>>> print(open('data.tsv').read())   # TSV, C-alpha atoms
chain	number	residue	atom	x	y	z
U	6	VAL	CA	68.54	-35.67	-13.05
U	7	GLY	CA	68.25	-39.14	-14.25
U	8	GLU	CA	66.71	-41.20	-16.96
U	9	TYR	CA	62.97	-41.12	-17.47
U	10	LYS	CA	61.04	-43.92	-19.20
U	11	VAL	CA	57.45	-44.20	-20.32
U	12	ASP	CA	56.29	-47.65	-21.52
U	13	GLY	CA	59.89	-48.80	-21.63
U	14	SER	CA	61.18	-46.06	-23.89
U	15	ALA	CA	63.42	-43.20	-22.74
U	16	VAL	CA	61.80	-39.75	-22.76
U	17	SER	CA	62.68	-36.25	-21.69
U	18	TYR	CA	61.68	-34.90	-18.27
U	19	LYS	CA	58.98	-32.75	-19.89
U	20	GLU	CA	57.44	-35.75	-21.72
U	21	TYR	CA	57.62	-37.77	-18.50
U	22	GLU	CA	55.89	-34.99	-16.57
U	23	ASP	CA	53.17	-34.74	-19.24
U	24	ALA	CA	52.58	-38.51	-19.19
U	25	LEU	CA	52.19	-38.45	-15.40
U	26	GLY	CA	49.86	-35.42	-15.69
U	27	GLU	CA	47.59	-37.39	-18.03
U	28	ILE	CA	46.94	-39.97	-15.32
U	29	GLY	CA	46.45	-37.30	-12.65
U	30	VAL	CA	49.88	-37.26	-11.03
U	31	LEU	CA	51.18	-33.71	-10.82
U	32	ILE	CA	54.84	-33.59	-9.89
U	33	LYS	CA	54.84	-29.87	-9.20
U	34	ALA	CA	51.93	-30.27	-6.79
U	35	ARG	CA	53.62	-33.19	-5.06
U	36	ASN	CA	50.32	-35.03	-4.84
U	37	PHE	CA	51.64	-38.56	-4.97
U	38	LEU	CA	54.62	-38.52	-2.65
U	39	VAL	CA	54.78	-37.45	0.98
U	40	PHE	CA	58.23	-36.20	1.81
U	41	GLN	CA	59.76	-35.93	5.26
U	42	GLY	CA	58.48	-32.82	7.04
U	43	ASP	CA	55.50	-32.31	4.67
U	44	VAL	CA	52.89	-33.21	7.28
U	45	GLU	CA	54.34	-30.80	9.82
U	46	SER	CA	54.69	-27.99	7.27
U	47	ILE	CA	51.09	-28.53	6.11
U	48	ALA	CA	49.85	-28.30	9.69
U	49	ARG	CA	51.54	-24.89	10.10
U	50	LYS	CA	50.00	-23.36	6.97
U	51	THR	CA	47.40	-20.61	7.14
U	52	PRO	CA	44.00	-21.21	5.60
U	53	LYS	CA	44.98	-19.14	2.56
U	54	GLN	CA	48.18	-21.18	2.10
U	55	LEU	CA	46.17	-24.40	2.45
U	56	VAL	CA	43.81	-23.26	-0.28
U	57	GLU	CA	46.77	-22.47	-2.55
U	58	MET	CA	48.28	-25.92	-1.85
U	59	PHE	CA	44.99	-27.73	-2.59
U	60	GLU	CA	44.61	-25.70	-5.77
U	61	ASN	CA	48.13	-26.77	-6.83
U	62	ILE	CA	47.40	-30.41	-5.99
U	63	SER	CA	44.05	-30.44	-7.78
U	64	GLY	CA	45.38	-28.54	-10.76
U	65	SER	CA	42.87	-25.72	-10.38
U	66	ALA	CA	45.74	-23.25	-9.88
U	67	GLU	CA	46.56	-23.65	-13.56
U	68	MET	CA	43.01	-22.57	-14.35
U	69	ALA	CA	43.07	-19.54	-12.06
U	70	THR	CA	43.31	-17.09	-14.95
U	71	GLU	CA	40.49	-18.82	-16.80
U	72	TYR	CA	38.50	-18.89	-13.57
U	73	SER	CA	39.08	-15.19	-12.89
U	74	GLU	CA	38.16	-14.36	-16.49
U	75	ALA	CA	35.03	-16.51	-16.20
U	76	LEU	CA	34.25	-14.87	-12.85
U	77	LYS	CA	34.65	-11.41	-14.43
U	78	ALA	CA	32.46	-12.51	-17.35
U	79	LYS	CA	29.88	-13.85	-14.87
U	80	GLU	CA	29.91	-10.62	-12.87
U	81	GLU	CA	29.63	-8.59	-16.07
U	82	ALA	CA	26.75	-10.81	-17.23
U	83	GLU	CA	25.07	-10.34	-13.83
U	84	LYS	CA	25.54	-6.57	-14.09
U	85	GLN	CA	24.14	-6.67	-17.61
U	86	THR	CA	21.22	-8.83	-16.42
U	87	VAL	CA	20.49	-6.43	-13.55
U	88	PHE	CA	20.77	-3.47	-15.95
U	89	LEU	CA	18.44	-5.13	-18.46
U	90	HIS	CA	16.06	-6.14	-15.68
U	91	ASN	CA	15.95	-2.54	-14.40
U	92	LYS	CA	15.54	-1.29	-17.95
U	93	LEU	CA	12.70	-3.76	-18.51
U	94	ARG	CA	11.11	-2.70	-15.23
U	95	GLY	CA	11.45	0.93	-16.38
U	96	PHE	CA	9.81	0.04	-19.69
U	97	LYS	CA	7.00	-1.73	-17.86
U	98	THR	CA	6.51	1.30	-15.61
U	99	GLU	CA	6.57	3.61	-18.60
U	100	ARG	CA	4.17	1.31	-20.46
U	101	ARG	CA	1.84	1.29	-17.44
U	102	GLY	CA	2.03	5.08	-17.31
U	103	LEU	CA	1.31	5.35	-21.02
U	104	LYS	CA	-1.58	2.92	-20.66
U	105	GLU	CA	-3.01	5.03	-17.84
U	106	GLN	CA	-2.58	8.16	-19.96
U	107	LYS	CA	-4.30	6.44	-22.87
U	108	GLU	CA	-7.20	5.38	-20.65
U	109	GLU	CA	-7.42	8.90	-19.23
U	110	ALA	CA	-7.43	10.33	-22.77
U	111	GLU	CA	-10.16	7.86	-23.75
U	112	ARG	CA	-12.22	8.85	-20.70
U	113	PHE	CA	-11.67	12.53	-21.55
U	114	ASN	CA	-12.70	11.97	-25.18
U	115	ALA	CA	-15.77	10.04	-24.03
U	116	ALA	CA	-16.65	12.91	-21.69
U	117	LEU	CA	-16.17	15.40	-24.53
U	118	GLN	CA	-18.41	13.28	-26.76
U	119	LYS	CA	-21.03	13.06	-24.02
U	120	LYS	CA	-20.83	16.83	-23.54
U	121	ALA	CA	-21.25	17.34	-27.29
U	122	ASP	CA	-24.25	14.97	-27.31
U	123	VAL	CA	-25.84	16.79	-24.36
U	124	GLN	CA	-25.22	20.16	-26.02
U	125	THR	CA	-26.71	18.86	-29.27
U	126	ASP	CA	-29.79	17.61	-27.42
U	127	PHE	CA	-30.05	20.94	-25.57
U	128	PHE	CA	-29.77	22.97	-28.78
U	129	LEU	CA	-32.35	20.73	-30.47
U	130	TRP	CA	-34.65	21.23	-27.47
U	131	GLN	CA	-34.13	24.99	-27.69
U	132	LEU	CA	-34.78	24.96	-31.44
U	133	TYR	CA	-37.96	22.93	-30.92
U	134	HIS	CA	-39.28	25.38	-28.34
U	135	ILE	CA	-38.24	28.40	-30.42
U	136	HIS	CA	-40.01	26.87	-33.44
U	137	ARG	CA	-43.09	26.16	-31.31
U	138	ASP	CA	-43.06	29.74	-29.94
U	139	ILE	CA	-42.76	31.07	-33.50
U	140	GLN	CA	-45.73	28.96	-34.58
U	141	GLU	CA	-47.80	30.10	-31.60
U	142	ARG	CA	-46.92	33.74	-32.27
U	143	GLU	CA	-47.66	33.35	-35.97
U	144	GLU	CA	-51.04	31.85	-35.05
U	145	THR	CA	-51.62	34.70	-32.56
U	146	THR	CA	-50.52	37.20	-35.21
U	147	ASP	CA	-52.90	35.62	-37.75
U	148	ASP	CA	-55.74	35.73	-35.19
U	149	LEU	CA	-54.92	39.39	-34.41
U	150	LYS	CA	-54.79	40.23	-38.12
U	151	THR	CA	-58.16	38.55	-38.60
U	152	GLU	CA	-59.57	40.45	-35.62
U	153	GLN	CA	-58.04	43.68	-36.95
U	154	GLU	CA	-59.49	43.06	-40.40
U	155	GLU	CA	-62.88	42.35	-38.83
U	156	ALA	CA	-62.54	45.49	-36.66
U	157	ASN	CA	-61.49	47.51	-39.74
U	158	GLU	CA	-64.47	46.17	-41.66
U	159	ALA	CA	-66.77	46.95	-38.72
U	160	GLU	CA	-65.22	50.41	-38.44
U	161	ALA	CA	-65.61	50.95	-42.18
U	162	GLU	CA	-69.26	49.85	-41.96
U	163	LYS	CA	-69.84	52.13	-38.97
U	164	ALA	CA	-67.99	54.99	-40.70
U	165	ALA	CA	-70.18	54.42	-43.76
U	166	ALA	CA	-73.28	54.31	-41.55
U	167	LEU	CA	-72.07	57.48	-39.81
U	168	ARG	CA	-71.60	59.19	-43.17
U	169	ASP	CA	-75.01	58.06	-44.26
U	170	ALA	CA	-76.45	59.26	-40.95
U	171	LYS	CA	-74.63	62.61	-41.33
U	172	LYS	CA	-75.95	62.91	-44.87
U	173	GLN	CA	-79.42	62.13	-43.70
U	174	ALA	CA	-79.00	64.54	-40.77
U	175	SER	CA	-77.67	67.16	-43.13
U	176	THR	CA	-80.54	66.52	-45.50
U	177	VAL	CA	-83.02	66.64	-42.64
U	178	ARG	CA	-81.42	69.85	-41.33
U	179	ARG	CA	-81.60	71.41	-44.74
U	180	GLN	CA	-85.14	70.33	-45.01
U	181	GLY	CA	-85.76	71.62	-41.47
U	182	THR	CA	-84.05	74.91	-42.33
U	183	LYS	CA	-85.99	75.06	-45.52
U	184	ALA	CA	-89.18	74.26	-43.66
U	185	GLU	CA	-88.29	76.90	-41.05
U	186	LYS	CA	-87.72	79.42	-43.76
U	187	ASN	CA	-90.98	78.46	-45.30
U	188	ARG	CA	-92.70	78.76	-41.95
U	189	VAL	CA	-91.10	82.13	-41.30
U	190	LYS	CA	-92.04	83.18	-44.78
U	191	ILE	CA	-95.54	81.92	-44.35
U	192	ALA	CA	-95.74	83.46	-40.91
U	193	SER	CA	-94.50	86.76	-42.26
U	194	GLU	CA	-96.98	86.56	-45.07
U	195	VAL	CA	-99.67	85.78	-42.62
U	196	ASP	CA	-98.78	88.68	-40.41
>>> encode(input="data.tsv", output="structure tokens")
Amino acid sequence: VGEYKVDGSAVSYKEYEDALGEIGVLIKARNFLVFQGDVESIARKTPKQLVEMFENISGSAEMATEYSEALKAKEEAEKQTVFLHNKLRGFKTERRGLKEQKEEAERFNAALQKKADVQTDFFLWQLYHIHRDIQEREETTDDLKTEQEEANEAEAEKAAALRDAKKQASTVRRQGTKAEKNRVKIASEVD
């Protein structure tokens, strides 16, 4: 405990320590003086103790809490990055799946449309052939009606000719019967 001066003026120990700290001399770390026995005690230290000593000398020990907080923040950021990366990968996988589903739905709709087009063409083909069959049958029916009318007319003419022939035959028979009666009458008169 003595007197401490900075630039010729007397200061407290704390101010003196701060002034030395500004130029990089840390009294607590003992980084500017080598005391008797320091070399031997340093040689006996474990690696962990050496690290602690170097951290005290360099001043990084004072930043240990900030460092551990920054390390925790870094680890948390890495976890968050990994989480977001996995989430993004999941979204990409889901998007790929949805894209495949969309393409499958489009292929299905195209197949349905093609099926509808083929069915439409088939029904039109059927309608065409049904219409053509109807026309052919109507033509056949018209031809048969014409033939039937001609046959009916021919039958009517033949029936009329038959009636005329029957009338003539009846007339001839009557005349024959009348002539026979006359002959029998004449023959009976002659006898």
>>> atom_distance(input="data.tsv", atom1="CA of Asn61 (chain U)", atom2="CA of Gly26 (chain U)")
12.5 Å
>>> atom_distance(input="data.tsv", atom1="CA of Thr125 (chain U)", atom2="CA of Glu141 (chain U)")
24.0 Å
>>> atom_distance(input="data.tsv", atom1="CA of Gly64 (chain U)", atom2="CA of Tyr18 (chain U)")
19.0 Å
>>> build_atoms(input="data.tsv", residues="region 79-93 of chain U", atoms="N, CA, C and O atoms", output="mmCIF file, in the frame of the given file")
data_model
loop_
_atom_site.group_PDB
_atom_site.id
_atom_site.type_symbol
_atom_site.label_atom_id
_atom_site.label_comp_id
_atom_site.auth_asym_id
_atom_site.auth_seq_id
_atom_site.Cartn_x
_atom_site.Cartn_y
_atom_site.Cartn_z
ATOM 1 N N LYS U 79 31.115 -13.591 -15.614
ATOM 2 C CA LYS U 79 29.880 -13.850 -14.870
ATOM 3 C C LYS U 79 29.386 -12.578 -14.196
ATOM 4 O O LYS U 79 28.199 -12.239 -14.262
ATOM 5 N N GLU U 80 30.292 -11.855 -13.535
ATOM 6 C CA GLU U 80 29.910 -10.620 -12.870
ATOM 7 C C GLU U 80 29.400 -9.593 -13.868
ATOM 8 O O GLU U 80 28.412 -8.892 -13.617
ATOM 9 N N GLU U 81 30.068 -9.525 -15.021
ATOM 10 C CA GLU U 81 29.630 -8.590 -16.070
ATOM 11 C C GLU U 81 28.255 -9.002 -16.591
ATOM 12 O O GLU U 81 27.388 -8.145 -16.810
ATOM 13 N N ALA U 82 28.056 -10.328 -16.764
ATOM 14 C CA ALA U 82 26.750 -10.810 -17.230
ATOM 15 C C ALA U 82 25.675 -10.501 -16.189
ATOM 16 O O ALA U 82 24.545 -10.119 -16.542
ATOM 17 N N GLU U 83 26.030 -10.674 -14.885
ATOM 18 C CA GLU U 83 25.070 -10.340 -13.830
ATOM 19 C C GLU U 83 24.735 -8.862 -13.841
ATOM 20 O O GLU U 83 23.572 -8.472 -13.703
ATOM 21 N N LYS U 84 25.780 -8.021 -14.017
ATOM 22 C CA LYS U 84 25.540 -6.570 -14.090
ATOM 23 C C LYS U 84 24.624 -6.258 -15.281
ATOM 24 O O LYS U 84 23.693 -5.460 -15.166
ATOM 25 N N GLN U 85 24.937 -6.899 -16.403
ATOM 26 C CA GLN U 85 24.140 -6.670 -17.610
ATOM 27 C C GLN U 85 22.698 -7.144 -17.381
ATOM 28 O O GLN U 85 21.748 -6.477 -17.796
ATOM 29 N N THR U 86 22.564 -8.307 -16.707
ATOM 30 C CA THR U 86 21.220 -8.830 -16.420
ATOM 31 C C THR U 86 20.460 -7.881 -15.514
ATOM 32 O O THR U 86 19.275 -7.594 -15.746
ATOM 33 N N VAL U 87 21.133 -7.380 -14.464
ATOM 34 C CA VAL U 87 20.490 -6.430 -13.550
ATOM 35 C C VAL U 87 20.110 -5.156 -14.315
ATOM 36 O O VAL U 87 19.005 -4.624 -14.158
ATOM 37 N N PHE U 88 21.047 -4.679 -15.160
ATOM 38 C CA PHE U 88 20.770 -3.470 -15.950
ATOM 39 C C PHE U 88 19.562 -3.690 -16.853
ATOM 40 O O PHE U 88 18.653 -2.857 -16.909
ATOM 41 N N LEU U 89 19.552 -4.841 -17.556
ATOM 42 C CA LEU U 89 18.440 -5.130 -18.460
ATOM 43 C C LEU U 89 17.131 -5.323 -17.686
ATOM 44 O O LEU U 89 16.070 -4.903 -18.139
ATOM 45 N N HIS U 90 17.251 -5.952 -16.506
ATOM 46 C CA HIS U 90 16.060 -6.140 -15.680
ATOM 47 C C HIS U 90 15.495 -4.774 -15.242
ATOM 48 O O HIS U 90 14.287 -4.538 -15.316
ATOM 49 N N ASN U 91 16.398 -3.887 -14.806
ATOM 50 C CA ASN U 91 15.950 -2.540 -14.400
ATOM 51 C C ASN U 91 15.386 -1.779 -15.591
ATOM 52 O O ASN U 91 14.400 -1.052 -15.458
ATOM 53 N N LYS U 92 16.024 -1.958 -16.735
ATOM 54 C CA LYS U 92 15.540 -1.290 -17.950
ATOM 55 C C LYS U 92 14.156 -1.823 -18.313
ATOM 56 O O LYS U 92 13.258 -1.049 -18.654
ATOM 57 N N LEU U 93 13.997 -3.163 -18.216
ATOM 58 C CA LEU U 93 12.700 -3.760 -18.510
ATOM 59 C C LEU U 93 11.646 -3.278 -17.523
ATOM 60 O O LEU U 93 10.517 -2.970 -17.911
#
